[in-house]
Amino acid sequence: LVAAPAVAMPKKRAAKAAFEKGAKAYSRDDFAAARDAFAKSYGLETDPDTLFAWAQAEAKLDNCGRAIELWERLGKFDLPAENREAVRSFVEKRPPRFGGGA
């Protein structure tokens, strides 16, 4: 979960295709296209890996509030302890530009 996008993928065909499109865009640093594809994939299949990738793309676009909202949404999933800790760290130890800082 804390690795780069494309480690795991959704299972439904359409969601998987959108996820793969997002992963390719992310690898090309086309974070806007990645965000759109991950959002579409997540809309088709609720998947924590897709949600994490979507949050990462939002963060790369400096959409800090949205990234935090998505990371916090991950808390509703039954994540392994190490993944839950990584997500908590993203939210709590975020750079100052992420929500109310300098």
# chains A, B, ... in the order shown; residues from 1 in each chain; ligands from 1
$ residues_around --residues "A:Ala32" --least-positions-apart "6" --cutoff "9 Å" --atoms "only C-alpha atoms" --output "MDAnalysis selection string"
chainID A and resid 25:26 57:58 60:61
$ closest_atom_pairs --of "stretch 2-57 of chain A" --to "stretch 76-95 of chain A" --cutoff "12 Å" --atoms "only C-alpha atoms" --output "tab-separated table"
residue	atom	partner	partner_atom	distance
A:Val2	CA	A:Asn83	CA	6.6
A:Ala3	CA	A:Asn83	CA	10.1
A:Thr46	CA	A:Phe77	CA	10.0
A:Asp47	CA	A:Phe77	CA	8.8
A:Pro48	CA	A:Phe77	CA	6.9
A:Asp49	CA	A:Leu79	CA	10.2
A:Leu51	CA	A:Phe77	CA	10.4
A:Phe52	CA	A:Val87	CA	8.6
A:Ala53	CA	A:Val87	CA	11.8
A:Ala55	CA	A:Phe90	CA	10.3
A:Gln56	CA	A:Phe90	CA	10.0
$ write_last_selection --atoms "C-alpha atoms" --output "PDB file, in the first residue's frame"
ATOM      1  CA  VAL A   2       2.766   2.465   0.753  1.00  0.00           C
ATOM      2  CA  ALA A   3       4.695   1.676  -2.398  1.00  0.00           C
ATOM      3  CA  THR A  46     -13.959   0.508  -3.850  1.00  0.00           C
ATOM      4  CA  ASP A  47     -10.367  -0.551  -3.299  1.00  0.00           C
ATOM      5  CA  PRO A  48      -7.851   0.742  -0.712  1.00  0.00           C
ATOM      6  CA  ASP A  49      -4.872   0.522  -3.079  1.00  0.00           C
ATOM      7  CA  LEU A  51      -7.730   5.111  -2.953  1.00  0.00           C
ATOM      8  CA  PHE A  52      -4.115   5.415  -1.781  1.00  0.00           C
ATOM      9  CA  ALA A  53      -2.871   5.943  -5.351  1.00  0.00           C
ATOM     10  CA  ALA A  55      -4.483  10.382  -2.715  1.00  0.00           C
ATOM     11  CA  GLN A  56      -0.864  10.305  -3.838  1.00  0.00           C
TER      12      GLN A  56
END
$ residues_around --residues "A:Ala14" --least-positions-apart "2" --cutoff "10 Å" --atoms "only C-alpha atoms" --output "PyMOL selection string"
chain A and resi 10-12+16-20+40-41+44-45
$ write_last_selection --atoms "N, CA, C and O atoms" --output "PDB file, in the first residue's frame"
ATOM      1  N   PRO A  10      -7.437  -3.245  -8.652  1.00  0.00           N
ATOM      2  CA  PRO A  10      -8.795  -3.764  -8.476  1.00  0.00           C
ATOM      3  C   PRO A  10      -9.021  -4.973  -9.381  1.00  0.00           C
ATOM      4  O   PRO A  10      -8.233  -5.244 -10.285  1.00  0.00           O
ATOM      5  N   LYS A  11     -10.089  -5.679  -9.133  1.00  0.00           N
ATOM      6  CA  LYS A  11     -10.348  -6.929  -9.861  1.00  0.00           C
ATOM      7  C   LYS A  11     -11.340  -6.796 -11.010  1.00  0.00           C
ATOM      8  O   LYS A  11     -11.228  -7.509 -11.998  1.00  0.00           O
ATOM      9  N   LYS A  12     -12.302  -5.890 -10.892  1.00  0.00           N
ATOM     10  CA  LYS A  12     -13.285  -5.721 -11.957  1.00  0.00           C
ATOM     11  C   LYS A  12     -12.595  -5.151 -13.198  1.00  0.00           C
ATOM     12  O   LYS A  12     -11.749  -4.269 -13.096  1.00  0.00           O
ATOM     13  N   LYS A  16     -10.033  -2.104 -13.218  1.00  0.00           N
ATOM     14  CA  LYS A  16      -8.630  -2.467 -13.436  1.00  0.00           C
ATOM     15  C   LYS A  16      -8.046  -1.677 -14.606  1.00  0.00           C
ATOM     16  O   LYS A  16      -6.917  -1.182 -14.533  1.00  0.00           O
ATOM     17  N   ALA A  17      -8.806  -1.525 -15.671  1.00  0.00           N
ATOM     18  CA  ALA A  17      -8.333  -0.764 -16.834  1.00  0.00           C
ATOM     19  C   ALA A  17      -8.082   0.699 -16.464  1.00  0.00           C
ATOM     20  O   ALA A  17      -7.064   1.289 -16.858  1.00  0.00           O
ATOM     21  N   ALA A  18      -8.991   1.283 -15.700  1.00  0.00           N
ATOM     22  CA  ALA A  18      -8.813   2.674 -15.269  1.00  0.00           C
ATOM     23  C   ALA A  18      -7.609   2.793 -14.344  1.00  0.00           C
ATOM     24  O   ALA A  18      -6.832   3.743 -14.444  1.00  0.00           O
ATOM     25  N   PHE A  19      -7.433   1.823 -13.443  1.00  0.00           N
ATOM     26  CA  PHE A  19      -6.287   1.834 -12.536  1.00  0.00           C
ATOM     27  C   PHE A  19      -4.982   1.770 -13.336  1.00  0.00           C
ATOM     28  O   PHE A  19      -4.044   2.524 -13.066  1.00  0.00           O
ATOM     29  N   GLU A  20      -4.924   0.864 -14.305  1.00  0.00           N
ATOM     30  CA  GLU A  20      -3.716   0.728 -15.123  1.00  0.00           C
ATOM     31  C   GLU A  20      -3.418   2.019 -15.881  1.00  0.00           C
ATOM     32  O   GLU A  20      -2.259   2.435 -15.988  1.00  0.00           O
ATOM     33  N   LYS A  40     -11.819   7.466 -11.245  1.00  0.00           N
ATOM     34  CA  LYS A  40     -12.769   6.656 -12.015  1.00  0.00           C
ATOM     35  C   LYS A  40     -12.729   5.202 -11.554  1.00  0.00           C
ATOM     36  O   LYS A  40     -13.772   4.584 -11.332  1.00  0.00           O
ATOM     37  N   SER A  41     -11.521   4.670 -11.393  1.00  0.00           N
ATOM     38  CA  SER A  41     -11.373   3.292 -10.946  1.00  0.00           C
ATOM     39  C   SER A  41     -12.025   3.081  -9.587  1.00  0.00           C
ATOM     40  O   SER A  41     -12.760   2.112  -9.380  1.00  0.00           O
ATOM     41  N   LEU A  44     -15.681   2.799  -9.672  1.00  0.00           N
ATOM     42  CA  LEU A  44     -16.149   1.524 -10.205  1.00  0.00           C
ATOM     43  C   LEU A  44     -15.972   0.373  -9.220  1.00  0.00           C
ATOM     44  O   LEU A  44     -16.727  -0.599  -9.241  1.00  0.00           O
ATOM     45  N   GLU A  45     -14.932   0.478  -8.401  1.00  0.00           N
ATOM     46  CA  GLU A  45     -14.642  -0.573  -7.416  1.00  0.00           C
ATOM     47  C   GLU A  45     -13.924   0.050  -6.225  1.00  0.00           C
ATOM     48  O   GLU A  45     -12.828   0.580  -6.366  1.00  0.00           O
TER      49      GLU A  45
END
$ select_by_dssp --residues "chain A" --states "helix (DSSP H, G or I)" --output "VMD selection string"
chain A and resid 13 to 27 31 to 44 48 to 60 64 to 76 81 to 92
$ residues_around --residues "A:Trp54" --least-positions-apart "4" --cutoff "8 Å" --atoms "only C-alpha atoms" --output "JSON, numbers by chain"
{"A": [34, 35, 38, 39, 50, 58, 67, 70]}
$ atom_distance --atom1 "atom CA of A:Ala23" --atom2 "atom CA of A:Gly65"
21.8 Å
$ atom_distance --atom1 "atom CA of A:Gly75" --atom2 "atom CA of A:Arg13"
25.6 Å
$ atom_distance --atom1 "atom CA of A:Asp36" --atom2 "atom CA of A:Gly22"
7.4 Å
